[in-house]
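> Just one file: run-v9.txt, with compact mmCIF, C-alpha atoms and all ligand atoms.
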```
# COMPACT_ATOMS: atom_id res chain seq x y z
CA MET A 18 26.95 36.77 -15.29
CA ALA A 19 25.66 34.22 -17.80
CA THR A 20 28.33 31.75 -16.58
CA ALA A 21 27.34 32.35 -12.94
CA SER A 22 23.67 31.64 -13.59
CA TYR A 23 24.63 28.64 -15.74
CA ASN A 24 26.73 27.33 -12.82
CA SER A 25 23.96 27.85 -10.30
CA LEU A 26 21.56 26.08 -12.67
CA LEU A 27 24.00 23.17 -12.83
CA LEU A 28 24.28 23.12 -9.04
CA LEU A 29 20.51 23.22 -8.64
CA SER A 30 19.96 20.42 -11.11
CA SER A 31 22.64 18.25 -9.52
CA LEU A 32 21.08 18.93 -6.10
CA LEU A 33 17.68 17.95 -7.45
CA LEU A 34 19.08 14.82 -9.10
CA GLY A 35 20.96 13.99 -5.91
CA SER A 36 17.85 14.28 -3.78
CA TYR A 37 15.94 12.16 -6.30
CA PHE A 38 18.46 9.31 -6.07
CA CYS A 39 18.65 9.63 -2.26
CA SER A 40 14.89 9.46 -1.96
CA VAL A 41 14.81 6.19 -3.92
CA SER A 42 17.13 4.39 -1.52
CA GLU A 43 15.73 6.17 1.55
CA ALA A 44 12.26 4.91 0.71
CA ALA A 45 13.74 1.43 1.00
CA THR A 46 15.78 1.83 4.15
CA ASP A 47 12.83 3.53 5.90
CA ALA A 48 10.75 0.42 5.35
CA PRO A 49 9.87 -1.64 8.43
CA VAL A 50 12.16 -4.64 8.93
CA ILE A 51 11.08 -7.65 10.92
CA LYS A 52 13.18 -8.99 13.80
CA GLY A 53 16.01 -11.22 12.59
CA LEU A 54 16.48 -9.51 9.20
CA SER A 55 18.74 -6.52 8.66
CA TRP A 56 20.06 -4.18 5.96
CA THR A 57 23.65 -5.11 6.83
CA PHE A 58 23.35 -8.84 7.49
CA TYR A 59 26.24 -10.05 5.30
CA ASP A 60 28.42 -6.94 5.58
CA SER A 61 31.16 -8.87 7.37
CA SER A 62 30.43 -12.50 6.38
CA CYS A 63 30.02 -11.90 2.64
CA PRO A 64 30.69 -8.28 1.64
CA GLN A 65 30.91 -9.20 -2.07
CA LEU A 66 27.41 -10.75 -2.09
CA GLU A 67 25.44 -8.01 -3.84
CA ASP A 68 28.21 -7.35 -6.39
CA ILE A 69 28.37 -11.02 -7.34
CA VAL A 70 24.59 -11.17 -7.92
CA ARG A 71 24.39 -7.88 -9.85
CA LYS A 72 27.41 -8.65 -12.03
CA GLU A 73 26.27 -12.14 -12.92
CA LEU A 74 22.67 -11.13 -13.65
CA LYS A 75 23.85 -8.34 -15.93
CA LYS A 76 25.50 -11.06 -18.04
CA VAL A 77 22.45 -13.33 -17.93
CA PHE A 78 20.05 -10.54 -18.95
CA LYS A 79 22.32 -9.33 -21.73
CA LYS A 80 21.69 -12.69 -23.38
CA ASP A 81 17.99 -12.91 -22.44
CA ILE A 82 16.17 -10.12 -20.62
CA GLY A 83 13.12 -12.40 -20.29
CA GLN A 84 14.87 -14.17 -17.41
CA ALA A 85 14.38 -11.06 -15.28
CA ALA A 86 10.62 -11.65 -15.28
CA GLY A 87 11.14 -15.31 -14.44
CA LEU A 88 13.23 -14.43 -11.38
CA LEU A 89 10.83 -11.77 -10.11
CA ARG A 90 7.93 -14.21 -10.33
CA LEU A 91 9.96 -16.91 -8.59
CA HIS A 92 10.43 -14.64 -5.54
CA PHE A 93 6.67 -13.93 -5.46
CA HIS A 94 5.81 -17.64 -5.63
CA ASP A 95 8.39 -18.39 -2.94
CA CYS A 96 7.08 -15.75 -0.54
CA PHE A 97 3.33 -16.30 -0.93
CA VAL A 98 3.51 -20.02 -0.13
CA GLN A 99 4.88 -20.83 3.35
CA GLY A 100 6.89 -17.56 3.41
CA CYS A 101 10.15 -16.56 1.70
CA ASP A 102 12.02 -19.72 2.69
CA GLY A 103 13.22 -21.03 -0.68
CA SER A 104 10.64 -23.85 -0.44
CA VAL A 105 9.64 -23.37 -4.09
CA LEU A 106 13.22 -24.25 -5.05
CA LEU A 107 13.07 -27.72 -3.50
CA ASP A 108 12.72 -30.76 -5.73
CA GLY A 109 10.09 -33.35 -4.77
CA SER A 110 11.06 -36.10 -2.32
CA THR A 111 9.67 -39.26 -0.77
CA SER A 112 7.38 -37.00 1.26
CA GLY A 113 5.51 -36.11 -1.95
CA PRO A 114 5.49 -33.91 -5.04
CA SER A 115 7.18 -30.53 -4.62
CA GLU A 116 5.62 -27.06 -4.73
CA GLN A 117 7.02 -26.91 -8.25
CA ASP A 118 4.52 -29.59 -9.28
CA ALA A 119 1.49 -27.54 -8.18
CA PRO A 120 -0.39 -25.94 -11.13
CA PRO A 121 0.55 -22.26 -10.56
CA ASN A 122 4.24 -23.21 -10.48
CA LEU A 123 4.25 -25.28 -13.68
CA THR A 124 4.81 -22.09 -15.69
CA LEU A 125 7.78 -20.89 -13.64
CA ARG A 126 10.82 -20.78 -15.91
CA PRO A 127 13.14 -23.79 -15.48
CA ARG A 128 16.06 -21.47 -16.20
CA ALA A 129 15.18 -19.30 -13.16
CA PHE A 130 15.93 -22.26 -10.85
CA GLU A 131 19.27 -22.83 -12.60
CA ILE A 132 20.22 -19.15 -12.31
CA ILE A 133 19.55 -19.17 -8.55
CA ASP A 134 21.67 -22.27 -7.95
CA ASP A 135 24.41 -20.93 -10.19
CA LEU A 136 24.48 -17.72 -8.12
CA ARG A 137 24.50 -19.83 -4.96
CA ALA A 138 27.58 -21.74 -6.20
CA ARG A 139 29.45 -18.52 -7.01
CA ILE A 140 28.55 -16.94 -3.65
CA HIS A 141 29.41 -20.02 -1.58
CA LYS A 142 32.72 -20.32 -3.42
CA LYS A 143 33.65 -16.77 -2.34
CA CYS A 144 32.12 -16.62 1.13
CA GLY A 145 31.49 -20.19 2.25
CA ARG A 146 28.01 -21.56 2.94
CA VAL A 147 26.66 -18.47 4.71
CA VAL A 148 24.02 -17.05 2.33
CA SER A 149 20.59 -18.70 2.05
CA CYS A 150 18.89 -19.56 -1.24
CA ALA A 151 15.89 -17.50 -0.06
CA ASP A 152 18.08 -14.38 0.28
CA ILE A 153 19.66 -15.02 -3.12
CA THR A 154 16.17 -15.24 -4.64
CA ALA A 155 15.17 -11.93 -3.02
CA LEU A 156 18.32 -10.20 -4.32
CA ALA A 157 17.86 -11.68 -7.79
CA ALA A 158 14.29 -10.34 -7.86
CA ARG A 159 15.51 -6.86 -6.88
CA ASP A 160 18.18 -6.89 -9.58
CA SER A 161 15.60 -8.09 -12.11
CA VAL A 162 13.56 -4.99 -11.38
CA VAL A 163 16.58 -2.65 -11.48
CA LEU A 164 18.17 -4.09 -14.61
CA SER A 165 14.83 -3.91 -16.46
CA GLY A 166 14.66 -0.17 -15.79
CA GLY A 167 12.75 -0.17 -12.50
CA PRO A 168 13.56 1.36 -9.10
CA ASP A 169 16.62 0.37 -7.07
CA TYR A 170 16.06 -0.52 -3.42
CA GLN A 171 17.79 -2.26 -0.57
CA VAL A 172 16.72 -5.73 0.51
CA PRO A 173 16.66 -6.66 4.20
CA LEU A 174 18.63 -9.91 4.50
CA GLY A 175 19.04 -12.82 6.89
CA ARG A 176 16.40 -15.27 5.65
CA ARG A 177 17.09 -18.96 6.28
CA ASP A 178 16.03 -21.82 4.01
CA GLY A 179 13.05 -23.97 4.97
CA LEU A 180 13.33 -27.67 5.64
CA GLY A 181 10.24 -28.70 3.67
CA PHE A 182 7.84 -27.64 0.96
CA ALA A 183 4.12 -26.93 0.86
CA THR A 184 1.48 -29.32 -0.48
CA ARG A 185 -0.32 -28.82 -3.78
CA ASN A 186 -3.44 -27.62 -1.93
CA ALA A 187 -1.51 -25.11 0.19
CA THR A 188 0.19 -23.79 -2.96
CA LEU A 189 -3.15 -23.42 -4.74
CA ALA A 190 -4.71 -21.74 -1.73
CA ASN A 191 -1.98 -19.10 -1.45
CA LEU A 192 -1.46 -18.09 -5.08
CA PRO A 193 -4.61 -16.42 -6.43
CA PRO A 194 -5.71 -17.35 -9.98
CA PRO A 195 -5.49 -14.96 -12.98
CA SER A 196 -9.25 -15.49 -13.47
CA GLY A 197 -9.89 -13.87 -10.05
CA THR A 198 -11.78 -10.59 -9.87
CA ALA A 199 -10.30 -7.64 -8.00
CA ASP A 200 -12.49 -8.69 -5.07
CA VAL A 201 -10.87 -12.15 -5.01
CA ILE A 202 -7.35 -10.70 -5.32
CA LEU A 203 -7.96 -8.00 -2.66
CA ARG A 204 -9.29 -10.60 -0.20
CA SER A 205 -6.50 -13.03 -0.92
CA LEU A 206 -3.77 -10.43 -0.42
CA ALA A 207 -5.52 -8.84 2.58
CA SER A 208 -5.03 -12.17 4.35
CA LYS A 209 -1.28 -11.45 4.09
CA SER A 210 -1.88 -7.84 5.24
CA PHE A 211 -1.54 -6.12 1.88
CA ASP A 212 -3.90 -3.18 1.28
CA ALA A 213 -5.42 -2.01 -2.02
CA THR A 214 -2.38 0.17 -2.85
CA ASP A 215 -0.04 -2.79 -2.26
CA VAL A 216 -2.21 -4.99 -4.51
CA VAL A 217 -2.20 -2.51 -7.39
CA ALA A 218 1.54 -1.87 -6.97
CA LEU A 219 2.50 -5.55 -6.80
CA SER A 220 0.34 -6.35 -9.83
CA GLY A 221 2.49 -3.78 -11.64
CA ALA A 222 5.17 -6.52 -11.76
CA HIS A 223 3.19 -7.61 -14.84
CA THR A 224 4.94 -4.74 -16.64
CA ILE A 225 7.53 -7.37 -17.65
CA GLY A 226 7.30 -10.98 -18.78
CA ILE A 227 5.02 -13.33 -20.58
CA SER A 228 2.00 -15.58 -20.13
CA HIS A 229 0.91 -18.86 -21.65
CA CYS A 230 -2.43 -18.93 -23.50
CA SER A 231 -4.03 -21.22 -20.90
CA SER A 232 -3.74 -18.46 -18.27
CA PHE A 233 -6.14 -16.13 -20.13
CA THR A 234 -8.04 -18.02 -22.88
CA GLY A 235 -11.00 -18.26 -20.49
CA ARG A 236 -11.54 -14.60 -21.49
CA LEU A 237 -11.63 -15.47 -25.21
CA TYR A 238 -13.55 -18.79 -25.43
CA PRO A 239 -16.33 -19.88 -25.61
CA THR A 240 -17.45 -16.26 -25.36
CA GLN A 241 -15.32 -13.15 -25.37
CA ASP A 242 -15.03 -11.08 -22.18
CA PRO A 243 -16.79 -7.79 -23.15
CA THR A 244 -14.25 -5.72 -21.20
CA LEU A 245 -11.46 -6.75 -23.61
CA GLU A 246 -10.60 -4.06 -26.15
CA GLN A 247 -11.52 -5.40 -29.62
CA THR A 248 -8.19 -5.22 -31.50
CA PHE A 249 -6.32 -6.55 -28.46
CA ALA A 250 -8.74 -9.51 -28.24
CA LYS A 251 -8.43 -10.16 -31.98
CA ASN A 252 -4.62 -10.31 -31.70
CA LEU A 253 -4.79 -12.60 -28.68
CA LYS A 254 -6.98 -14.98 -30.72
CA VAL A 255 -4.28 -15.07 -33.40
CA VAL A 256 -1.64 -16.07 -30.80
CA CYS A 257 -4.04 -18.50 -29.10
CA PRO A 258 -6.41 -19.94 -31.76
CA THR A 259 -7.65 -22.56 -29.26
CA PRO A 260 -8.02 -22.46 -25.46
CA THR A 261 -5.09 -24.86 -25.05
CA THR A 262 -2.63 -23.59 -27.66
CA ASN A 263 0.85 -23.77 -26.17
CA SER A 264 2.03 -20.23 -27.07
CA THR A 265 2.96 -17.18 -25.07
CA THR A 266 2.36 -13.45 -25.28
CA ALA A 267 3.64 -10.36 -23.47
CA LEU A 268 1.91 -9.25 -20.28
CA ASP A 269 2.44 -5.57 -21.11
CA LEU A 270 1.89 -5.01 -24.82
CA ARG A 271 3.41 -1.50 -24.83
CA THR A 272 6.88 -2.11 -23.30
CA PRO A 273 7.08 -5.87 -22.60
CA ASN A 274 10.69 -5.90 -21.34
CA LYS A 275 10.82 -2.60 -19.52
CA PHE A 276 9.90 -2.15 -15.87
CA ASP A 277 7.79 1.01 -16.18
CA ASN A 278 4.22 2.20 -15.56
CA LYS A 279 2.83 1.34 -19.02
CA TYR A 280 1.02 -1.68 -17.57
CA TYR A 281 -1.41 0.77 -15.95
CA LEU A 282 -1.96 2.48 -19.29
CA ASP A 283 -2.78 -0.96 -20.71
CA LEU A 284 -5.44 -1.38 -18.02
CA MET A 285 -6.94 2.05 -18.77
CA ASN A 286 -7.20 0.98 -22.42
CA ARG A 287 -8.84 -2.36 -21.53
CA GLN A 288 -5.71 -4.20 -22.66
CA GLY A 289 -4.91 -5.98 -19.40
CA LEU A 290 -4.21 -9.67 -20.06
CA PHE A 291 -5.75 -11.31 -16.99
CA THR A 292 -9.08 -10.65 -15.29
CA SER A 293 -7.00 -10.15 -12.12
CA ASP A 294 -5.22 -7.25 -13.86
CA GLN A 295 -8.09 -5.69 -15.82
CA ASP A 296 -10.59 -5.76 -12.97
CA LEU A 297 -8.32 -3.44 -10.96
CA PHE A 298 -9.56 -0.72 -13.32
CA THR A 299 -13.20 -1.70 -12.79
CA ASP A 300 -13.34 -2.09 -9.03
CA LYS A 301 -13.95 1.26 -7.34
CA ARG A 302 -11.47 0.46 -4.55
CA THR A 303 -8.55 0.20 -7.00
CA LYS A 304 -9.52 2.25 -10.08
CA GLU A 305 -8.15 5.58 -8.83
CA ILE A 306 -4.90 3.91 -7.72
CA VAL A 307 -4.44 2.49 -11.24
CA LYS A 308 -4.98 5.97 -12.70
CA SER A 309 -2.54 7.58 -10.27
CA PHE A 310 0.19 5.07 -11.19
CA ALA A 311 -0.48 5.52 -14.91
CA LEU A 312 0.00 9.27 -14.48
CA ASP A 313 2.98 9.19 -12.14
CA GLN A 314 5.69 6.56 -12.60
CA SER A 315 7.68 7.63 -9.55
CA LEU A 316 4.60 7.18 -7.37
CA PHE A 317 4.27 3.63 -8.76
CA PHE A 318 7.96 2.94 -8.14
CA ASP A 319 7.72 4.22 -4.57
CA LYS A 320 4.66 2.07 -3.75
CA PHE A 321 6.10 -0.95 -5.54
CA VAL A 322 9.32 -0.77 -3.51
CA LYS A 323 7.37 -0.58 -0.23
CA ALA A 324 5.12 -3.50 -1.20
CA VAL A 325 7.86 -5.75 -2.57
CA ILE A 326 10.03 -5.24 0.54
CA LYS A 327 6.98 -6.19 2.61
CA MET A 328 6.38 -9.24 0.38
CA GLY A 329 10.01 -10.26 0.84
CA GLN A 330 9.51 -10.53 4.60
CA LEU A 331 6.44 -12.78 4.63
CA SER A 332 6.85 -15.53 7.29
CA VAL A 333 10.63 -15.64 6.97
CA LEU A 334 12.77 -18.03 9.01
CA THR A 335 15.57 -16.27 10.91
CA GLY A 336 18.16 -16.90 13.62
CA ASN A 337 18.78 -20.62 14.00
CA LYS A 338 15.53 -21.75 12.35
CA GLY A 339 15.81 -23.64 9.06
CA GLU A 340 19.24 -23.93 7.46
CA ILE A 341 21.57 -22.54 4.80
CA ARG A 342 21.23 -25.04 1.97
CA SER A 343 24.37 -26.17 0.22
CA LYS A 344 22.28 -26.78 -2.93
CA CYS A 345 19.07 -24.82 -3.45
CA SER A 346 16.98 -27.75 -4.74
CA VAL A 347 17.77 -30.16 -1.89
CA ARG A 348 17.64 -29.75 1.88
CA ASN A 349 20.98 -30.54 3.52
CA LYS A 350 19.78 -33.70 5.25
CA ASP A 351 18.93 -35.27 1.86
CA ASN A 352 22.05 -33.99 0.15
CA ALA A 353 24.74 -36.67 -0.05
CA SER A 354 27.36 -34.13 -1.19
CA HIS A 355 26.57 -31.92 1.80
CA LEU A 356 29.09 -33.56 4.17
CA LYS A 357 31.80 -33.33 1.54
CA THR A 358 30.95 -29.65 1.11
CA VAL A 359 31.28 -28.99 4.84
CA VAL A 360 34.68 -30.74 4.95
CA GLU A 361 35.84 -28.75 1.91
CA GLU A 362 34.74 -25.52 3.57
CA VAL A 363 36.67 -26.30 6.74
CA VAL A 364 39.80 -27.15 4.69
CA GLU A 365 39.41 -23.90 2.73
CA GLU A 366 39.05 -21.93 5.98
CA VAL A 367 42.19 -23.53 7.46
CA VAL A 368 44.13 -22.77 4.26
CA GLU A 369 42.91 -19.16 4.35
CA ASP A 370 43.86 -18.84 8.05
CA LEU A 371 47.35 -20.18 7.32
CA SER A 372 47.81 -17.79 4.43
CA VAL A 373 48.16 -14.83 6.86
CA PHE A 374 51.44 -16.24 8.13
C1 LIG B 1 -1.98 -10.53 -7.76
C2 LIG B 1 -2.12 -11.74 -8.20
C3 LIG B 1 -1.32 -12.35 -9.32
C4 LIG B 1 -1.79 -13.24 -10.22
C5 LIG B 1 -3.21 -13.77 -10.32
C6 LIG B 1 -0.71 -13.55 -11.12
C7 LIG B 1 -0.77 -14.45 -12.15
C8 LIG B 1 0.20 -14.65 -13.10
C9 LIG B 1 0.10 -15.54 -14.22
C10 LIG B 1 -1.10 -16.45 -14.52
C11 LIG B 1 1.22 -15.40 -14.96
C12 LIG B 1 1.55 -16.08 -16.29
C13 LIG B 1 1.90 -17.53 -16.13
C14 LIG B 1 2.03 -18.19 -17.47
O1 LIG B 1 1.01 -18.55 -18.04
O2 LIG B 1 3.17 -18.32 -17.97
C15 LIG B 1 2.05 -14.42 -14.31
C16 LIG B 1 3.28 -13.99 -14.76
C17 LIG B 1 4.11 -13.16 -14.06
N1 LIG B 1 3.87 -12.66 -12.79
FE1 LIG B 1 2.14 -12.72 -11.79
N2 LIG B 1 0.40 -12.85 -10.73
C18 LIG B 1 0.08 -12.11 -9.63
C19 LIG B 1 0.96 -11.31 -8.90
C20 LIG B 1 2.28 -11.16 -9.17
C21 LIG B 1 3.25 -10.54 -8.29
C22 LIG B 1 2.93 -10.02 -6.89
C23 LIG B 1 4.44 -10.55 -8.93
C24 LIG B 1 5.77 -10.05 -8.46
C25 LIG B 1 5.94 -9.12 -7.55
C26 LIG B 1 4.21 -11.17 -10.23
C27 LIG B 1 5.16 -11.29 -11.21
C28 LIG B 1 4.95 -11.91 -12.43
C29 LIG B 1 5.90 -11.86 -13.51
C30 LIG B 1 7.20 -11.07 -13.55
C31 LIG B 1 5.39 -12.67 -14.54
C32 LIG B 1 6.06 -13.02 -15.87
C33 LIG B 1 6.86 -14.30 -15.69
C34 LIG B 1 7.68 -14.75 -16.90
O3 LIG B 1 7.76 -14.05 -17.90
O4 LIG B 1 8.24 -15.85 -16.79
N3 LIG B 1 2.91 -11.54 -10.32
N4 LIG B 1 1.42 -14.00 -13.16
```
Please lay out the structure from this file as C-alpha cells.
Ligand code: HEM

Amino acid sequence: MATASYNSLLLLSSLLLGSYFCSVSEAATDAPVIKGLSWTFYDSSCPQLEDIVRKELKKVFKKDIGQAAGLLRLHFHDCFVQGCDGSVLLDGSTSGPSEQDAPPNLTLRPRAFEIIDDLRARIHKKCGRVVSCADITALAARDSVVLSGGPDYQVPLGRRDGLGFATRNATLANLPPPSGTADVILRSLASKSFDATDVVALSGAHTIGISHCSSFTGRLYPTQDPTLEQTFAKNLKVVCPTPTTNSTTALDLRTPNKFDNKYYLDLMNRQGLFTSDQDLFTDKRTKEIVKSFALDQSLFFDKFVKAVIKMGQLSVLTGNKGEIRSKCSVRNKDNASHLKTVVEEVVEEVVEDLSVF
C-alpha cells in the first residue's frame, strides 16, 4: 500500500514536472511570429545549428560567465537600432563611423563580437553560408539566458543581415539612457510597441552583467539621489570615487551572474543601479509589476520570454532582403575574401555531392 502511494506520488510529481517543462517551451512556440521567420527555418539547411551554438557557448561561459551578459546586451542593441539585422556588428566604413562608435555601444564587450564571428565560422564550416549573423546573435542571446539559469525558449529564425549601419544620432535616439525615468523608458519602448509589462520584463535582463561607473555616477555626484539606499550608495562611492572612474560593478548585487528574479528584489530595496531601473518601482504604472515579478520568478520568466521573442523580431529583414554575411563585421560587397569563400563553398558542395558515389 505504501509502495503504491509512493509510486502514484512519483507519477504525479513527474507529471507536474513534465507539464512545467512543456509550458516553458509552449509559451515560446505560442508567441506570434512575423511573416518570413519560422521556428523550423534551418531544420533542413543546417540541422546542427542550435547544437553548435549551445555547445560552444557552454565552453565560453565555463571560462567566463560574464560573456553571457555581453551577448544578451548585444542582441538588444542590435534589435533596437534599425531592427535585428546584425548592423551593430558592422565595422565602420568610408560611409562613416559604425554603430559601434555611438556612445551607448562603446561599453559593449569587444569579446562579444569575437564570439559571434567565431560561432559564424563554425556554423558556416558545417552548413555553408546559410545562417545570418543576426540569427546567430539571437540564438547566442537565448543561450546566454539559459546557461545563466534563466528560462529556455525557442527562437523564430530566418533573419537576414543588413547592408548598412545606423548613424550615431539614430543609435542615440533608439537606445534610451540609464538616466531616463520610467516615463522616458515607457515612452521610448512604447514607440516599438512594448507595453509596461514588456518594459519591466526586459529590464529584468539587468539580473546579469556589469556597468561602468559613468553609467550611474550621475546618481552619486554632485548630490546623491535620495532614492538610493544608504549602504548601497556608500559602496558604489567606494567603487567609483569620482564620476569618471573607470571601474565596473554588478547590475544585480544579490546574484550578479544568475538569471533570476533577484533584480526585482534589488529594486524593492532601493538598490537598483540605474534611474531607469529604480524608477520602475516608483512609477505607479510599473510598481505592481515589479512586485509581482519579485514574488513569482516563473511569472517573470514567462513575461521575459514573450518580450524577448518580440524584441528579436523588431524590423527584421527576411526573404531575399539583405544578405547572409560571410564575415559578421563586413558586408559581403566590401569583403575581399567573400568571392574566395563562395568558390570554396561551391567546391565543398561538389566534393560532398561526389562522396555519395
Ligand atoms: C530599458 C532600457 C535600458 C537601459 C537604459 C539600459 C542601459 C544599460 C546600461 C547603461 C548598461 C551598462 C553599460 C556599461 O556602463 O557598461 C547596461 C548593461 C546591460 N544591459 Fe541594459 N539597458 C536597458 C535595457 C536592456 C535590455 C532590454 C536588455 C536585454 C534584453 C539589456 C541587457 C543588458 C545586459 C545583459 C547588461 C550587462 C552587459 C555586460 O555585462 O556586458 N538591457 N544596460
> At a cut-off of 8 Å, using all atoms listed in the file, what residues contact A:Gln288? Leave out same-chain residues fewer than 6 positions from it and give the result as a ChimeraX atom specification.
/A:245-246,249,270,295
> Could you give me, as a Markdown table, a per-residue list for chain A showing, wherever an atom lies at most 8 Å from an atom of ligand LIG 1 (chain B), the closest pair of atoms and their distance in Å to one decimal, using all atoms listed in the file and sorting by chain then residue number from low to high?

```
| residue | atom | partner | partner_atom | distance |
| --- | --- | --- | --- | --- |
| A:Gly83 | CA | B:LIG1 | O3 | 6.1 |
| A:Gln84 | CA | B:LIG1 | O4 | 6.9 |
| A:Ala85 | CA | B:LIG1 | C30 | 7.4 |
| A:Ala86 | CA | B:LIG1 | C30 | 3.9 |
| A:Gly87 | CA | B:LIG1 | O4 | 3.8 |
| A:Leu88 | CA | B:LIG1 | C30 | 7.2 |
| A:Leu89 | CA | B:LIG1 | C30 | 5.0 |
| A:Arg90 | CA | B:LIG1 | C27 | 4.1 |
| A:Leu91 | CA | B:LIG1 | C27 | 7.8 |
| A:His92 | CA | B:LIG1 | C24 | 7.2 |
| A:Phe93 | CA | B:LIG1 | C24 | 5.0 |
| A:His94 | CA | B:LIG1 | C23 | 7.9 |
| A:Pro121 | CA | B:LIG1 | C10 | 7.2 |
| A:Thr124 | CA | B:LIG1 | O2 | 4.7 |
| A:Leu125 | CA | B:LIG1 | O4 | 6.0 |
| A:Arg126 | CA | B:LIG1 | O4 | 5.6 |
| A:Leu192 | CA | B:LIG1 | C5 | 7.0 |
| A:Pro193 | CA | B:LIG1 | C5 | 4.9 |
| A:Pro194 | CA | B:LIG1 | C5 | 4.4 |
| A:Pro195 | CA | B:LIG1 | C5 | 3.7 |
| A:Ser196 | CA | B:LIG1 | C5 | 7.0 |
| A:Gly197 | CA | B:LIG1 | C5 | 6.7 |
| A:Ile202 | CA | B:LIG1 | C1 | 5.9 |
| A:Leu206 | CA | B:LIG1 | C1 | 7.6 |
| A:Val216 | CA | B:LIG1 | C1 | 6.4 |
| A:Leu219 | CA | B:LIG1 | C22 | 4.5 |
| A:Ser220 | CA | B:LIG1 | C19 | 5.1 |
| A:Gly221 | CA | B:LIG1 | C23 | 7.5 |
| A:Ala222 | CA | B:LIG1 | C27 | 4.8 |
| A:His223 | CA | B:LIG1 | C29 | 5.2 |
| A:Thr224 | CA | B:LIG1 | C30 | 7.4 |
| A:Ile225 | CA | B:LIG1 | C30 | 5.5 |
| A:Gly226 | CA | B:LIG1 | O3 | 3.2 |
| A:Ile227 | CA | B:LIG1 | O3 | 3.9 |
| A:Ser228 | CA | B:LIG1 | O2 | 3.7 |
| A:His229 | CA | B:LIG1 | O1 | 3.6 |
| A:Cys230 | CA | B:LIG1 | O1 | 6.5 |
| A:Ser231 | CA | B:LIG1 | O1 | 6.4 |
| A:Ser232 | CA | B:LIG1 | O1 | 4.8 |
| A:Phe233 | CA | B:LIG1 | C10 | 7.5 |
| A:Thr265 | CA | B:LIG1 | O2 | 7.2 |
| A:Ala267 | CA | B:LIG1 | O3 | 7.8 |
| A:Leu268 | CA | B:LIG1 | C32 | 7.1 |
| A:Phe291 | CA | B:LIG1 | C10 | 7.4 |
| A:Ser293 | CA | B:LIG1 | C5 | 5.5 |
| A:Asp294 | CA | B:LIG1 | C1 | 7.6 |
| A:Val325 | CA | B:LIG1 | C25 | 6.3 |
| A:Met328 | CA | B:LIG1 | C25 | 7.9 |
```
> To one decimal place in Å, what is the distance between atom CA of A:Lys327 and atom CA of A:Arg71?
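Distance reported for this atom pair: 21.5 Å.
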> Which one of A:Lys72, A:Arg342, A:Arg204, A:Lys308 sits closest to A:Asp160 if you count all atoms listed in the file?
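Answer, going by the shortest atom-to-atom distance: A:Lys72.
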> Using all atoms listed in the file, which of the listed residues (A:Ser264, A:Thr214, A:Asn278, A:Thr292) sits closest to A:Glu305?
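Closest to A:Glu305 of all the choices is A:Thr214.
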> Name all residues at most 12 Å from A:Leu189 (count all atoms listed in the file; drop same-chain ones fewer than 3 positions away) and give them as a PDB file with C-alpha atoms, in the coordinates of the input.

```
ATOM      1  CA  HIS A  94       5.810 -17.640  -5.630  1.00  0.00           C
ATOM      2  CA  PHE A  97       3.330 -16.300  -0.930  1.00  0.00           C
ATOM      3  CA  VAL A  98       3.510 -20.020  -0.130  1.00  0.00           C
ATOM      4  CA  GLN A  99       4.880 -20.830   3.350  1.00  0.00           C
ATOM      5  CA  GLU A 116       5.620 -27.060  -4.730  1.00  0.00           C
ATOM      6  CA  GLN A 117       7.020 -26.910  -8.250  1.00  0.00           C
ATOM      7  CA  ASP A 118       4.520 -29.590  -9.280  1.00  0.00           C
ATOM      8  CA  ALA A 119       1.490 -27.540  -8.180  1.00  0.00           C
ATOM      9  CA  PRO A 120      -0.390 -25.940 -11.130  1.00  0.00           C
ATOM     10  CA  PRO A 121       0.550 -22.260 -10.560  1.00  0.00           C
ATOM     11  CA  ASN A 122       4.240 -23.210 -10.480  1.00  0.00           C
ATOM     12  CA  LEU A 123       4.250 -25.280 -13.680  1.00  0.00           C
ATOM     13  CA  ALA A 183       4.120 -26.930   0.860  1.00  0.00           C
ATOM     14  CA  THR A 184       1.480 -29.320  -0.480  1.00  0.00           C
ATOM     15  CA  ARG A 185      -0.320 -28.820  -3.780  1.00  0.00           C
ATOM     16  CA  ASN A 186      -3.440 -27.620  -1.930  1.00  0.00           C
ATOM     17  CA  LEU A 192      -1.460 -18.090  -5.080  1.00  0.00           C
ATOM     18  CA  PRO A 193      -4.610 -16.420  -6.430  1.00  0.00           C
ATOM     19  CA  PRO A 194      -5.710 -17.350  -9.980  1.00  0.00           C
ATOM     20  CA  SER A 205      -6.500 -13.030  -0.920  1.00  0.00           C
TER      21      SER A 205
END
```
> Report, in Å with one decimal, the straight-line distance from atom CA of A:Gln171 to atom CA of A:Pro49.
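A separation of 12.0 Å between them.
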> In Å, how far is it from atom CA of A:Ile140 to atom CA of A:Leu331?
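Answer for the atom CA of A:Ile140 to atom CA of A:Leu331 separation: 24.0 Å.
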> Which residue out of A:Cys101, A:Leu164, A:Leu107, A:Cys345 has the minimum interatomic distance to A:Val77 when all atoms listed in the file are used?
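Between A:Cys101, A:Leu164, A:Leu107, A:Cys345, the residue approaching A:Val77 most closely is A:Leu164.
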> Between A:Val347, A:Val105, A:Ile51, A:Val256, which is the closest to A:Val172 once you count only C-alpha atoms?
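Using only C-alpha atoms, A:Val172 sits closest to A:Ile51.
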> Name all residues at most 6 Å from stretch 316-320 of chain A (count all atoms listed in the file; drop same-chain ones fewer than 3 positions away) and give them as a compact mmCIF listing (two decimals) with C-alpha atoms, in the coordinates of the input.

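The new file around_11.txt reads:
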```
# COMPACT_ATOMS: atom_id res chain seq x y z
CA PRO A 168 13.56 1.36 -9.10
CA ALA A 218 1.54 -1.87 -6.97
CA PHE A 310 0.19 5.07 -11.19
CA ASP A 313 2.98 9.19 -12.14
CA LYS A 323 7.37 -0.58 -0.23
```
> I'd like the contact shell of A:Gly336 - 12 Å cut-off, all atoms listed in the file, skipping same-chain residues fewer than 2 positions apart - returned as number ranges by chain.
A: 51-55, 58, 149, 174-178, 333-334, 338-341
> Calculated over only C-alpha atoms, which of the candidates A:Glu131, A:Asp102, A:Asp283, A:Asp351 has the smallest distance to A:Asp152?
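Using only C-alpha atoms, the shortest distance to A:Asp152 belongs to A:Asp102.
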> Calculated over all atoms listed in the file, which of the candidates A:Ala213, A:Ala250, A:Leu284, A:Cys150 has the smallest distance to A:Ile306?
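Nearest candidate to A:Ile306 out of A:Ala213, A:Ala250, A:Leu284, A:Cys150: A:Ala213.
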